[in-house]
file query36.txt (compact mmCIF, C-alpha atoms)
# COMPACT_ATOMS: atom_id res chain seq x y z
CA MET G 4 28.70 0.55 -12.61
CA LYS G 5 27.64 -2.89 -13.80
CA THR G 6 24.05 -3.92 -13.23
CA ALA G 7 22.94 -7.47 -13.98
CA ILE G 8 19.32 -8.48 -14.50
CA ILE G 9 18.95 -12.19 -13.87
CA GLN G 10 17.48 -13.91 -16.88
CA TYR G 11 15.23 -16.86 -16.18
CA ASN G 12 11.85 -18.12 -17.30
CA ALA G 13 9.95 -15.07 -16.14
CA GLY G 14 8.32 -12.17 -17.94
CA ASN G 15 8.82 -8.41 -17.77
CA ILE G 16 12.63 -8.51 -18.01
CA GLN G 17 12.69 -6.09 -20.96
CA SER G 18 10.58 -3.60 -19.03
CA VAL G 19 13.14 -3.54 -16.21
CA LEU G 20 15.94 -3.02 -18.70
CA TYR G 21 14.09 -0.16 -20.42
CA ALA G 22 13.32 1.46 -17.06
CA LEU G 23 17.03 1.44 -16.21
CA GLU G 24 17.79 2.91 -19.63
CA ARG G 25 15.35 5.74 -18.95
CA LEU G 26 17.42 6.45 -15.81
CA GLY G 27 20.48 6.71 -18.00
CA THR G 28 22.07 3.45 -16.94
CA SER G 29 22.62 0.25 -18.86
CA ALA G 30 22.37 -3.33 -17.66
CA ILE G 31 23.07 -6.81 -18.89
CA VAL G 32 20.37 -9.46 -18.93
CA THR G 33 22.11 -12.74 -18.13
CA ASP G 34 21.94 -16.14 -16.48
CA ASN G 35 25.74 -16.41 -16.49
CA ILE G 36 26.90 -17.06 -12.92
CA GLU G 37 30.22 -15.20 -13.21
CA ALA G 38 28.54 -12.15 -14.77
CA ILE G 39 25.95 -12.05 -12.01
CA GLN G 40 28.58 -12.41 -9.28
CA ALA G 41 30.76 -9.71 -10.84
CA ALA G 42 27.96 -7.13 -11.10
CA ASP G 43 27.76 -4.15 -8.73
CA LYS G 44 23.99 -4.44 -8.53
CA VAL G 45 21.75 -7.39 -9.26
CA ILE G 46 18.07 -7.23 -10.15
CA PHE G 47 16.01 -10.39 -9.80
CA PRO G 48 12.76 -9.74 -11.68
CA GLY G 49 9.82 -11.98 -12.23
CA VAL G 50 6.32 -12.60 -13.29
CA GLY G 51 5.21 -16.20 -13.33
CA GLU G 52 4.63 -19.21 -11.16
CA ALA G 53 6.78 -19.94 -8.10
CA SER G 54 7.51 -23.68 -8.35
CA THR G 55 8.44 -23.56 -12.05
CA ALA G 56 10.70 -20.58 -11.45
CA MET G 57 12.43 -22.23 -8.46
CA GLU G 58 12.98 -25.42 -10.45
CA TYR G 59 14.56 -23.42 -13.26
CA LEU G 60 16.86 -21.58 -10.83
CA LYS G 61 17.95 -24.83 -9.17
CA GLN G 62 18.77 -26.51 -12.47
CA ARG G 63 21.17 -23.67 -13.23
CA HIS G 64 22.50 -23.46 -9.63
CA LEU G 65 21.23 -19.89 -9.58
CA ASP G 66 19.47 -20.62 -6.26
CA VAL G 67 22.80 -20.97 -4.43
CA VAL G 68 24.37 -18.12 -6.37
CA ILE G 69 21.58 -15.64 -5.53
CA LYS G 70 21.56 -16.52 -1.81
CA ASN G 71 25.30 -15.87 -1.53
CA LEU G 72 25.46 -12.56 -3.38
CA GLN G 73 27.15 -9.77 -1.37
CA GLN G 74 26.23 -6.76 -3.53
CA PRO G 75 22.80 -5.06 -3.37
CA VAL G 76 20.13 -7.35 -4.83
CA LEU G 77 16.59 -6.22 -5.72
CA GLY G 78 13.88 -8.83 -6.17
CA ILE G 79 10.78 -7.63 -8.02
CA CYS G 80 7.32 -9.23 -7.68
CA LEU G 81 7.85 -13.00 -8.05
CA GLY G 82 11.57 -12.32 -7.56
CA MET G 83 10.82 -10.95 -4.09
CA GLN G 84 8.51 -13.86 -3.30
CA LEU G 85 11.20 -16.35 -4.32
CA MET G 86 13.57 -14.67 -1.83
CA CYS G 87 11.14 -15.56 0.99
CA ALA G 88 11.08 -18.83 2.99
CA SER G 89 8.25 -20.53 1.17
CA SER G 90 5.24 -19.88 -1.02
CA GLU G 91 1.73 -21.32 -0.89
CA GLU G 92 1.84 -21.26 -4.68
CA ASN G 93 2.17 -25.00 -5.33
CA ASN G 94 3.76 -25.36 -1.85
CA THR G 95 7.15 -24.18 -3.01
CA THR G 96 10.25 -24.01 -0.84
CA CYS G 97 11.92 -20.74 -1.83
CA LEU G 98 15.40 -19.26 -1.34
CA GLY G 99 14.92 -18.48 2.36
CA ILE G 100 16.74 -15.14 2.33
CA PHE G 101 13.80 -13.51 4.11
CA GLU G 102 12.10 -15.56 6.86
CA GLU G 103 8.69 -14.22 5.78
CA SER G 104 6.41 -16.67 4.01
CA VAL G 105 4.22 -16.08 0.96
CA CYS G 106 0.48 -16.75 1.20
CA GLN G 107 -2.42 -16.64 -1.22
CA PHE G 108 -4.95 -13.80 -1.09
CA LYS G 109 -8.25 -15.24 0.09
CA THR G 110 -11.59 -13.45 0.19
CA ALA G 111 -15.24 -14.36 0.18
CA ASP G 112 -16.25 -10.96 -1.19
CA PRO G 113 -16.93 -11.28 -4.95
CA ILE G 114 -16.25 -7.58 -5.52
CA ILE G 115 -12.66 -7.98 -4.26
CA LYS G 116 -10.64 -9.38 -7.13
CA VAL G 117 -7.74 -11.80 -6.87
CA PRO G 118 -5.11 -11.25 -8.18
CA GLN G 119 -4.76 -7.66 -7.10
CA ILE G 120 -4.21 -5.65 -10.27
CA GLY G 121 -3.55 -1.94 -10.15
CA TRP G 122 -2.21 0.95 -8.11
CA ASN G 123 -2.09 0.77 -4.33
CA THR G 124 -0.34 2.78 -1.64
CA ILE G 125 2.92 1.91 0.09
CA THR G 126 3.22 3.02 3.72
CA ASN G 127 5.52 2.70 6.76
CA LEU G 128 8.48 3.22 4.44
CA GLU G 129 11.63 2.33 6.35
CA SER G 130 14.64 2.14 4.09
CA SER G 131 16.97 4.25 2.00
CA LEU G 132 15.31 2.42 -0.90
CA PHE G 133 12.49 4.92 -0.33
CA ASN G 134 14.54 8.11 -0.15
CA GLN G 135 12.40 10.98 -1.45
CA VAL G 136 9.40 8.67 -1.81
CA PRO G 137 6.52 10.13 0.24
CA GLU G 138 4.38 7.95 2.51
CA ASN G 139 1.24 6.73 0.72
CA SER G 140 2.84 6.90 -2.70
CA TYR G 141 1.18 4.74 -5.33
CA ALA G 142 2.88 1.75 -6.92
CA TYR G 143 1.64 -0.72 -9.53
CA PHE G 144 0.89 -4.26 -8.33
CA VAL G 145 -0.09 -7.48 -10.10
CA HIS G 146 -0.12 -10.47 -7.76
CA GLY G 147 -2.27 -13.22 -6.29
CA TYR G 148 0.15 -14.10 -3.47
CA TYR G 149 1.65 -11.83 -0.82
CA ALA G 150 4.50 -11.88 1.69
CA ALA G 151 3.25 -11.66 5.26
CA LEU G 152 4.36 -8.83 7.54
CA GLY G 153 7.55 -9.69 9.42
CA ALA G 154 10.83 -8.51 10.85
CA HIS G 155 12.14 -7.54 7.40
CA THR G 156 9.13 -5.52 6.26
CA ILE G 157 10.19 -2.07 5.01
CA ALA G 158 6.90 -1.11 3.33
CA THR G 159 3.31 -2.10 4.00
CA THR G 160 0.35 -2.26 1.63
CA ASN G 161 -3.24 -3.12 2.45
CA TYR G 162 -5.25 -5.44 0.22
CA ILE G 163 -7.65 -7.75 2.03
CA GLN G 164 -5.12 -7.44 4.88
CA PRO G 165 -1.83 -5.58 5.46
CA TYR G 166 1.17 -7.31 3.92
CA SER G 167 4.82 -6.65 3.06
CA SER G 168 5.09 -4.63 -0.13
CA ALA G 169 8.87 -4.44 0.40
CA LEU G 170 11.42 -6.41 2.41
CA ASN G 171 15.05 -5.83 3.31
CA LYS G 172 17.70 -7.94 4.98
CA ARG G 173 21.37 -6.94 4.73
CA ASN G 174 22.12 -6.45 1.01
CA PHE G 175 18.85 -8.06 -0.10
CA TYR G 176 15.83 -5.95 -1.06
CA GLY G 177 12.52 -7.07 -2.44
CA VAL G 178 9.51 -5.15 -3.74
CA GLN G 179 6.15 -6.73 -4.50
CA PHE G 180 5.13 -3.95 -6.87
CA HIS G 181 6.69 -3.21 -10.24
CA PRO G 182 8.95 -0.16 -9.92
CA GLU G 183 9.60 -0.36 -13.67
CA LYS G 184 5.86 0.29 -14.22
CA SER G 185 5.19 2.63 -11.29
CA ALA G 186 5.72 5.97 -13.04
CA LYS G 187 7.84 8.58 -11.18
CA VAL G 188 7.63 6.75 -7.84
CA GLY G 189 9.05 3.61 -9.38
CA GLU G 190 11.81 5.55 -11.10
CA GLN G 191 12.85 7.08 -7.79
CA ILE G 192 12.95 3.66 -6.12
CA LEU G 193 15.08 2.17 -8.91
CA LYS G 194 17.34 5.21 -8.75
CA ASN G 195 17.69 4.75 -4.97
CA PHE G 196 18.55 1.09 -5.46
CA LEU G 197 21.24 1.96 -8.01
CA GLU G 198 22.70 4.46 -5.53
CA LEU G 199 22.91 1.97 -2.65
CA THR G 200 26.43 1.17 -1.49
CA MET O 22 -6.28 1.16 -0.96
CA LEU O 23 -6.40 -0.24 -4.48
CA THR O 24 -7.50 2.52 -6.82
CA LYS O 25 -9.86 2.60 -9.76
CA ARG O 26 -7.94 2.89 -13.00
CA ILE O 27 -8.34 5.41 -15.83
CA ILE O 28 -7.18 3.88 -19.10
CA PRO O 29 -6.86 5.85 -22.32
CA CYS O 30 -7.19 3.60 -25.35
CA LEU O 31 -5.28 4.25 -28.54
CA ASP O 32 -6.60 2.59 -31.68
CA ILE O 33 -3.73 2.15 -34.09
CA LYS O 34 -3.98 2.03 -37.85
CA ASP O 35 -0.85 2.04 -39.98
CA GLY O 36 1.16 3.26 -36.99
CA ARG O 37 -1.14 6.23 -36.23
CA THR O 38 -3.73 6.73 -33.51
CA VAL O 39 -7.27 6.81 -34.83
CA LYS O 40 -10.70 6.77 -33.26
CA GLY O 41 -13.90 5.75 -34.93
CA ILE O 42 -17.38 6.77 -33.95
CA ASN O 43 -19.62 3.72 -33.54
CA PHE O 44 -16.68 1.70 -34.84
CA GLU O 45 -16.69 3.64 -38.13
CA GLN O 46 -15.68 7.02 -39.58
CA ILE O 47 -12.04 6.92 -38.60
CA ARG O 48 -10.24 10.18 -37.87
CA ASP O 49 -6.53 10.67 -37.26
CA ALA O 50 -5.48 11.52 -33.69
CA GLY O 51 -1.73 11.43 -33.79
CA ASP O 52 1.46 9.54 -33.03
CA PRO O 53 0.74 6.73 -30.56
CA VAL O 54 4.14 6.87 -28.84
CA GLU O 55 3.89 10.62 -28.19
CA LEU O 56 0.25 10.42 -27.20
CA GLY O 57 0.90 7.47 -24.87
CA ALA O 58 3.81 9.28 -23.21
CA LEU O 59 1.65 12.37 -22.78
CA TYR O 60 -1.14 10.37 -21.11
CA ALA O 61 1.37 8.60 -18.84
CA SER O 62 2.79 11.96 -17.73
CA GLN O 63 -0.74 13.26 -17.10
CA GLY O 64 -1.55 10.42 -14.71
CA ALA O 65 -3.13 7.70 -16.86
CA ASP O 66 -3.00 4.46 -14.86
CA GLU O 67 -2.51 2.18 -17.84
CA LEU O 68 -2.72 2.37 -21.60
CA VAL O 69 -4.34 0.10 -24.16
CA PHE O 70 -3.13 -0.01 -27.76
CA LEU O 71 -5.44 -1.79 -30.19
CA ASP O 72 -4.15 -2.42 -33.69
CA ILE O 73 -7.32 -2.28 -35.75
CA THR O 74 -5.59 -3.20 -39.00
CA ALA O 75 -3.67 -6.12 -37.57
CA THR O 76 -2.82 -8.25 -40.56
CA VAL O 77 0.03 -10.68 -40.89
CA GLU O 78 2.16 -8.24 -42.91
CA LYS O 79 1.67 -5.54 -40.30
CA ARG O 80 2.63 -7.69 -37.33
CA LYS O 81 6.29 -6.67 -37.48
CA THR O 82 5.28 -3.01 -37.58
CA LEU O 83 3.19 -3.53 -34.45
CA SER O 84 6.00 -5.19 -32.50
CA GLU O 85 8.36 -2.35 -33.47
CA LEU O 86 5.80 0.17 -32.29
CA VAL O 87 5.34 -1.77 -29.03
CA ASN O 88 9.09 -1.69 -28.51
CA LYS O 89 9.16 2.10 -28.97
CA ILE O 90 6.27 2.49 -26.54
CA ALA O 91 7.96 0.24 -23.95
CA HIS O 92 11.16 2.29 -24.12
CA ARG O 93 9.27 5.47 -23.54
CA ILE O 94 6.43 4.72 -21.12
CA ASN O 95 6.70 4.06 -17.37
CA ILE O 96 3.22 2.64 -16.75
CA PRO O 97 1.70 -0.71 -17.78
CA PHE O 98 0.20 -1.18 -21.21
CA THR O 99 -1.87 -3.75 -23.05
CA VAL O 100 -1.63 -4.52 -26.76
CA GLY O 101 -4.37 -6.11 -28.83
CA GLY O 102 -5.38 -6.73 -32.40
CA GLY O 103 -5.16 -9.92 -34.42
CA ILE O 104 -3.36 -11.96 -31.75
CA LYS O 105 -3.88 -15.67 -32.43
CA THR O 106 -0.81 -17.69 -31.48
CA GLU O 107 1.71 -18.09 -28.67
CA ALA O 108 4.30 -16.66 -31.07
CA ASP O 109 2.20 -13.49 -31.49
CA VAL O 110 2.01 -13.08 -27.71
CA SER O 111 5.63 -13.89 -27.16
CA VAL O 112 6.91 -11.25 -29.58
CA LEU O 113 4.72 -8.54 -28.03
CA LEU O 114 5.72 -9.41 -24.46
CA GLN O 115 9.38 -9.59 -25.44
CA ASN O 116 9.07 -6.13 -26.92
CA GLY O 117 7.79 -4.84 -23.62
CA ALA O 118 3.99 -5.17 -23.59
CA ASP O 119 2.68 -6.03 -20.11
CA LYS O 120 -0.55 -7.65 -21.25
CA ILE O 121 -2.15 -8.71 -24.49
CA SER O 122 -5.84 -8.65 -25.34
CA VAL O 123 -7.70 -11.20 -27.38
CA ASN O 124 -11.17 -10.97 -28.84
CA THR O 125 -12.43 -12.75 -31.98
CA ALA O 126 -9.63 -15.34 -32.08
CA ALA O 127 -10.39 -16.41 -28.51
CA PHE O 128 -14.09 -16.73 -29.28
CA LEU O 129 -13.43 -18.88 -32.34
CA ASP O 130 -10.91 -21.03 -30.44
CA PRO O 131 -11.33 -20.65 -26.67
CA THR O 132 -8.41 -23.03 -26.02
CA ILE O 133 -6.04 -20.16 -26.83
CA ILE O 134 -7.08 -18.49 -23.57
CA ASN O 135 -6.05 -21.58 -21.65
CA ARG O 136 -2.78 -21.89 -23.54
CA PHE O 137 -1.89 -18.20 -23.21
CA ALA O 138 -2.70 -18.24 -19.49
CA LYS O 139 -0.59 -21.33 -18.94
CA ASN O 140 2.37 -20.07 -20.96
CA PHE O 141 2.39 -16.40 -20.00
CA GLY O 142 0.23 -16.17 -16.86
CA SER O 143 -3.40 -15.09 -16.49
CA GLN O 144 -2.25 -11.63 -15.41
CA CYS O 145 -1.25 -10.77 -18.97
CA VAL O 146 -4.31 -12.17 -20.76
CA VAL O 147 -7.11 -9.64 -21.21
CA LEU O 148 -10.32 -10.70 -22.92
CA ALA O 149 -11.92 -7.93 -24.95
CA ILE O 150 -15.65 -8.37 -25.52
CA ASP O 151 -17.63 -6.22 -27.95
CA ALA O 152 -21.15 -6.35 -26.54
CA LYS O 153 -24.45 -5.18 -27.95
CA CYS O 154 -27.82 -5.04 -26.27
CA GLU O 155 -30.44 -6.29 -28.70
CA ALA O 156 -34.19 -5.71 -28.90
CA ASP O 157 -34.77 -8.75 -26.64
CA ASN O 158 -32.88 -6.82 -23.93
CA ASN O 159 -30.04 -9.36 -23.84
CA TRP O 160 -26.38 -8.53 -24.32
CA TYR O 161 -24.74 -10.49 -27.16
CA VAL O 162 -21.10 -10.99 -28.09
CA TYR O 163 -20.05 -9.46 -31.41
CA LEU O 164 -16.91 -10.37 -33.33
CA LYS O 165 -14.59 -8.86 -35.93
CA GLY O 166 -14.65 -5.32 -34.60
CA GLY O 167 -18.41 -5.37 -34.11
CA ARG O 168 -19.27 -6.50 -37.64
CA GLU O 169 -20.44 -10.02 -36.84
CA LYS O 170 -23.16 -10.99 -34.35
CA THR O 171 -23.09 -14.22 -32.38
CA ASP O 172 -25.81 -15.94 -30.36
CA MET O 173 -23.56 -16.05 -27.27
CA LEU O 174 -24.66 -14.04 -24.24
CA VAL O 175 -21.95 -11.76 -22.86
CA THR O 176 -22.38 -13.13 -19.33
CA ASP O 177 -21.95 -16.73 -20.53
CA TRP O 178 -18.87 -15.98 -22.60
CA ALA O 179 -17.25 -13.91 -19.86
CA LYS O 180 -17.75 -16.66 -17.29
CA ARG O 181 -16.38 -19.33 -19.59
CA ALA O 182 -13.33 -17.18 -20.43
CA VAL O 183 -12.60 -16.61 -16.75
CA ASP O 184 -12.77 -20.37 -16.15
CA LEU O 185 -10.29 -20.77 -19.01
CA GLY O 186 -7.90 -18.32 -17.40
CA VAL O 187 -8.35 -14.72 -18.56
CA GLY O 188 -7.03 -12.24 -16.01
CA GLU O 189 -9.18 -9.22 -16.88
CA ILE O 190 -12.16 -8.40 -19.07
CA LEU O 191 -12.38 -5.31 -21.25
CA LEU O 192 -16.07 -4.86 -21.93
CA THR O 193 -17.06 -2.47 -24.73
CA SER O 194 -20.69 -1.60 -25.19
CA MET O 195 -21.33 -1.06 -28.89
CA ASN O 196 -24.59 0.66 -28.01
CA HIS O 197 -22.70 3.28 -26.03
CA ASP O 198 -19.36 3.50 -27.85
CA GLY O 199 -18.82 6.93 -29.37
CA THR O 200 -22.06 8.36 -27.99
CA LYS O 201 -20.57 10.13 -24.95
CA GLN O 202 -23.87 9.43 -23.17
CA GLY O 203 -22.38 7.32 -20.37
CA PHE O 204 -21.17 3.76 -19.90
CA ALA O 205 -23.34 0.62 -19.97
CA LEU O 206 -23.85 0.37 -16.23
CA ASP O 207 -26.08 -2.69 -16.03
CA ILE O 208 -23.97 -5.19 -17.97
CA THR O 209 -20.75 -3.83 -16.42
CA ALA O 210 -22.15 -4.35 -12.91
CA ALA O 211 -23.49 -7.78 -13.85
CA LEU O 212 -19.98 -8.92 -14.79
CA ALA O 213 -18.20 -7.10 -11.96
CA GLU O 214 -20.48 -8.59 -9.32
CA SER O 215 -20.30 -12.15 -10.61
CA LEU O 216 -16.71 -12.63 -11.81
CA PRO O 217 -13.48 -12.83 -9.79
CA VAL O 218 -11.43 -10.78 -12.29
CA PRO O 219 -11.29 -7.00 -12.82
CA ILE O 220 -13.73 -5.49 -15.32
CA ILE O 221 -12.61 -2.60 -17.51
CA ALA O 222 -15.65 -0.69 -18.77
CA SER O 223 -15.45 0.87 -22.21
CA GLY O 224 -17.75 2.82 -24.48
CA GLY O 225 -19.77 5.94 -23.76
CA GLY O 226 -17.61 7.92 -21.34
CA GLY O 227 -18.29 11.56 -22.17
CA THR O 228 -18.20 13.43 -18.86
CA ALA O 229 -16.45 13.02 -15.51
CA ALA O 230 -19.83 12.10 -13.99
CA HIS O 231 -20.05 9.12 -16.36
CA PHE O 232 -16.81 7.78 -14.88
CA TYR O 233 -18.16 8.29 -11.37
CA ASP O 234 -21.26 6.32 -12.32
CA VAL O 235 -19.35 3.42 -13.85
CA PHE O 236 -17.18 3.05 -10.73
CA THR O 237 -20.14 3.28 -8.33
CA LYS O 238 -23.27 1.92 -10.05
CA GLY O 239 -21.29 -0.04 -12.66
CA LYS O 240 -18.86 -1.49 -10.08
CA ALA O 241 -16.10 -1.32 -12.68
CA ASP O 242 -12.47 -1.72 -11.61
CA ALA O 243 -11.24 0.45 -14.46
CA ALA O 244 -12.70 2.66 -17.15
CA LEU O 245 -11.39 3.09 -20.65
CA ALA O 246 -11.99 5.90 -23.09
CA ALA O 247 -10.40 7.26 -26.23
CA SER O 248 -11.82 10.24 -28.08
CA ILE O 249 -12.58 12.40 -25.04
CA PHE O 250 -8.88 12.22 -24.17
CA HIS O 251 -7.58 12.46 -27.74
CA TYR O 252 -9.64 15.54 -28.49
CA LYS O 253 -8.95 17.05 -25.05
CA GLU O 254 -12.60 17.15 -24.06
CA ILE O 255 -11.62 15.89 -20.59
CA ALA O 256 -8.12 16.30 -19.18
CA ILE O 257 -6.95 13.23 -17.23
CA PRO O 258 -5.76 15.27 -14.20
CA ASP O 259 -9.13 17.06 -14.00
CA LEU O 260 -11.03 13.78 -14.28
CA LYS O 261 -8.95 12.13 -11.59
CA TYR O 262 -9.25 15.10 -9.25
CA TYR O 263 -13.03 15.12 -9.73
CA LEU O 264 -13.27 11.41 -8.88
CA HIS O 265 -10.99 11.84 -5.88
CA GLU O 266 -13.15 14.71 -4.58
CA LYS O 267 -16.22 12.50 -4.97
CA GLY O 268 -14.60 9.82 -2.78
CA ILE O 269 -13.52 7.35 -5.45
CA PRO O 270 -10.11 5.78 -4.64
CA ILE O 271 -7.89 7.20 -7.35
CA ARG O 272 -4.16 7.75 -7.87
CA LEU O 273 -3.35 11.47 -8.00
call {"tool": "encode", "arguments": {"input": "query36.txt", "output": "structure tokens"}}
result
Amino acid sequence: MKTAIIQYNAGNIQSVLYALERLGTSAIVTDNIEAIQAADKVIFPGVGEASTAMEYLKQRHLDVVIKNLQQPVLGICLGMQLMCASSEENNTTCLGIFEESVCQFKTADPIIKVPQIGWNTITNLESSLFNQVPENSYAYFVHGYYAALGAHTIATTNYIQPYSSALNKRNFYGVQFHPEKSAKVGEQILKNFLELT
Amino acid sequence: MLTKRIIPCLDIKDGRTVKGINFEQIRDAGDPVELGALYASQGADELVFLDITATVEKRKTLSELVNKIAHRINIPFTVGGGIKTEADVSVLLQNGADKISVNTAAFLDPTIINRFAKNFGSQCVVLAIDAKCEADNNWYVYLKGGREKTDMLVTDWAKRAVDLGVGEILLTSMNHDGTKQGFALDITAALAESLPVPIIASGGGGTAAHFYDVFTKGKADAALAASIFHYKEIAIPDLKYYLHEKGIPIRL
């Protein structure tokens, strides 16, 4: 099986690669369009800022390529947000794979920190991506923006309000948390993704 | 619900884990990769690795160690010690660190906070502050591993650093560090209640009750400790179960 991790101007790509290696699988990190299209599984990672990342993808025509992929695709964190319709982060138009939009966490309570950093629960798990992952499992999140609940929500997390911690539409999957940093739970989710057909 | 985090800290010297008492009297506590993996398997929420002998010659050694850790460990980790430039940050992140921490270098040149946040994102920039409460009852910032006093108040520096873009603050009380008498609750709460970023409390954790206090009275988002974990005085699973039983949101 060939797994491609899309390389662009975003952090944490090595961590995804190492997590796959711990599962006994290898992957290529690439921005080569043919290599991405030819892969059996594509992972679209990301930590960073939405408008800069979208601009980078467009310059390399990766925006069109990603939208038209037919194999299972997993967006992680910013990757998932970029798969949504739009983001409030610098009013960015995103890939539009998921109709859900991305909003900024807002709170007047000084004890509630933005961005959310740390472990939170994932609930209402509705996908084979979560096979053998119990309800209320903990995953590791770092984000200041969130995807609203919508028709494609397959996991819900509560921080300030309930939001989509995972989305799915056809072959496209997105997780707001970092499975590569979410201990055993994250390993199971990555394993499930690799086993999708 | 977002949980409180338990963070073992591994001080690294020449590739080994060490822990000083009141920042001195260093003892050896083992291989950092093995120890980190053990803590991750026991339920640590994050790890912090601080290279206390970070010199230019040792930088390559540190990045190699970070790479080994990143291959092995499935939870987030922060690396600190002698980080001054974008190139320093870049090599650590590329080798798999999730966050970097800055201390003295950021105090001497606060623009690095702004540059690091802009280039790598606030979420990976942790400001470490070594704080000491003086006879005038004010908390002052200390530099160079606690060896050099400044006239800057901890609250002022923390606020300025947040404005410049740090994503988290790791606050170590030098008065409490190594004493196992409990965390510095007042200054921790002062920062936690006034700043929009998470506060990691460090220094003084000796019993499970101390952790309960720092999450309740101290309002900390995370608590860091070293020797009590290294010398197996408190097991992480026992600590987390205790906190859970006491109603603290915790990942079991």
call {"tool": "residues_around", "arguments": {"input": "query36.txt", "residues": "G:Pro113", "least_positions_apart": "5", "cutoff": "10 Å", "atoms": "only C-alpha atoms", "output": "list in words"}}
result
Ala213, Glu214, Ser215, Leu216, Pro217 and Val218 of chain O
call {"tool": "write_last_selection", "arguments": {"input": "query36.txt", "atoms": "C-alpha atoms", "output": "PDB file, in the coordinates of the input"}}
result
ATOM      1  CA  ALA O 213     -18.200  -7.100 -11.960  1.00  0.00           C
ATOM      2  CA  GLU O 214     -20.480  -8.590  -9.320  1.00  0.00           C
ATOM      3  CA  SER O 215     -20.300 -12.150 -10.610  1.00  0.00           C
ATOM      4  CA  LEU O 216     -16.710 -12.630 -11.810  1.00  0.00           C
ATOM      5  CA  PRO O 217     -13.480 -12.830  -9.790  1.00  0.00           C
ATOM      6  CA  VAL O 218     -11.430 -10.780 -12.290  1.00  0.00           C
TER       7      VAL O 218
END
call {"tool": "interface_residues", "arguments": {"input": "query36.txt", "of": "chain G", "to": "chain O", "cutoff": "6 Å", "atoms": "all atoms listed in the file", "output": "PyMOL selection string"}}
result
chain G and resi 17-18+21+114+116+122-123+184-186
call {"tool": "residues_around", "arguments": {"input": "query36.txt", "residues": "G:Val45", "least_positions_apart": "2", "cutoff": "9 Å", "atoms": "only C-alpha atoms", "output": "PyMOL selection string"}}
result
chain G and resi 5-9+39-40+42-43+47+72+74-78
call {"tool": "residues_around", "arguments": {"input": "query36.txt", "residues": "stretch 122-131 of chain O", "least_positions_apart": "4", "cutoff": "7 Å", "atoms": "only C-alpha atoms", "output": "list in words"}}
result
Thr99, Val100, Gly101, Ile104, Lys105, Val146, Val147, Leu148, Ala149, Ile150, Leu164 and Lys165 of chain O
call {"tool": "closest_residue", "arguments": {"input": "query36.txt", "among": "G:Ile46, G:Ile157, G:Leu23, G:Val178", "to": "G:Gln84", "atoms": "only C-alpha atoms"}}
result
G:Val178
call {"tool": "build_atoms", "arguments": {"input": "query36.txt", "residues": "stretch 26-37 of chain G", "atoms": "N, CA and C atoms", "output": "PDB file, keeping the file's coordinate frame"}}
result
ATOM      1  N   LEU G  26      16.657   5.790 -16.885  1.00  0.00           N
ATOM      2  CA  LEU G  26      17.420   6.450 -15.810  1.00  0.00           C
ATOM      3  C   LEU G  26      18.849   6.727 -16.242  1.00  0.00           C
ATOM      4  N   GLY G  27      19.155   6.406 -17.479  1.00  0.00           N
ATOM      5  CA  GLY G  27      20.480   6.710 -18.000  1.00  0.00           C
ATOM      6  C   GLY G  27      21.530   5.675 -17.653  1.00  0.00           C
ATOM      7  N   THR G  28      21.105   4.482 -17.252  1.00  0.00           N
ATOM      8  CA  THR G  28      22.070   3.450 -16.940  1.00  0.00           C
ATOM      9  C   THR G  28      21.800   2.231 -17.818  1.00  0.00           C
ATOM     10  N   SER G  29      22.817   1.444 -18.053  1.00  0.00           N
ATOM     11  CA  SER G  29      22.620   0.250 -18.860  1.00  0.00           C
ATOM     12  C   SER G  29      22.717  -0.966 -17.945  1.00  0.00           C
ATOM     13  N   ALA G  30      22.305  -2.103 -18.454  1.00  0.00           N
ATOM     14  CA  ALA G  30      22.370  -3.330 -17.660  1.00  0.00           C
ATOM     15  C   ALA G  30      22.536  -4.498 -18.623  1.00  0.00           C
ATOM     16  N   ILE G  31      23.035  -5.598 -18.083  1.00  0.00           N
ATOM     17  CA  ILE G  31      23.070  -6.810 -18.890  1.00  0.00           C
ATOM     18  C   ILE G  31      22.001  -7.756 -18.376  1.00  0.00           C
ATOM     19  N   VAL G  32      21.357  -8.444 -19.299  1.00  0.00           N
ATOM     20  CA  VAL G  32      20.370  -9.460 -18.930  1.00  0.00           C
ATOM     21  C   VAL G  32      21.073 -10.797 -19.124  1.00  0.00           C
ATOM     22  N   THR G  33      21.250 -11.555 -18.034  1.00  0.00           N
ATOM     23  CA  THR G  33      22.110 -12.740 -18.130  1.00  0.00           C
ATOM     24  C   THR G  33      21.725 -13.816 -17.123  1.00  0.00           C
ATOM     25  N   ASP G  34      22.020 -15.066 -17.473  1.00  0.00           N
ATOM     26  CA  ASP G  34      21.940 -16.140 -16.480  1.00  0.00           C
ATOM     27  C   ASP G  34      23.338 -16.708 -16.222  1.00  0.00           C
ATOM     28  N   ASN G  35      24.355 -15.980 -16.676  1.00  0.00           N
ATOM     29  CA  ASN G  35      25.740 -16.410 -16.490  1.00  0.00           C
ATOM     30  C   ASN G  35      26.184 -16.127 -15.045  1.00  0.00           C
ATOM     31  N   ILE G  36      26.592 -17.170 -14.346  1.00  0.00           N
ATOM     32  CA  ILE G  36      26.900 -17.060 -12.920  1.00  0.00           C
ATOM     33  C   ILE G  36      28.017 -16.050 -12.649  1.00  0.00           C
ATOM     34  N   GLU G  37      29.094 -16.120 -13.431  1.00  0.00           N
ATOM     35  CA  GLU G  37      30.220 -15.200 -13.210  1.00  0.00           C
ATOM     36  C   GLU G  37      29.787 -13.751 -13.427  1.00  0.00           C
TER      37      GLU G  37
END
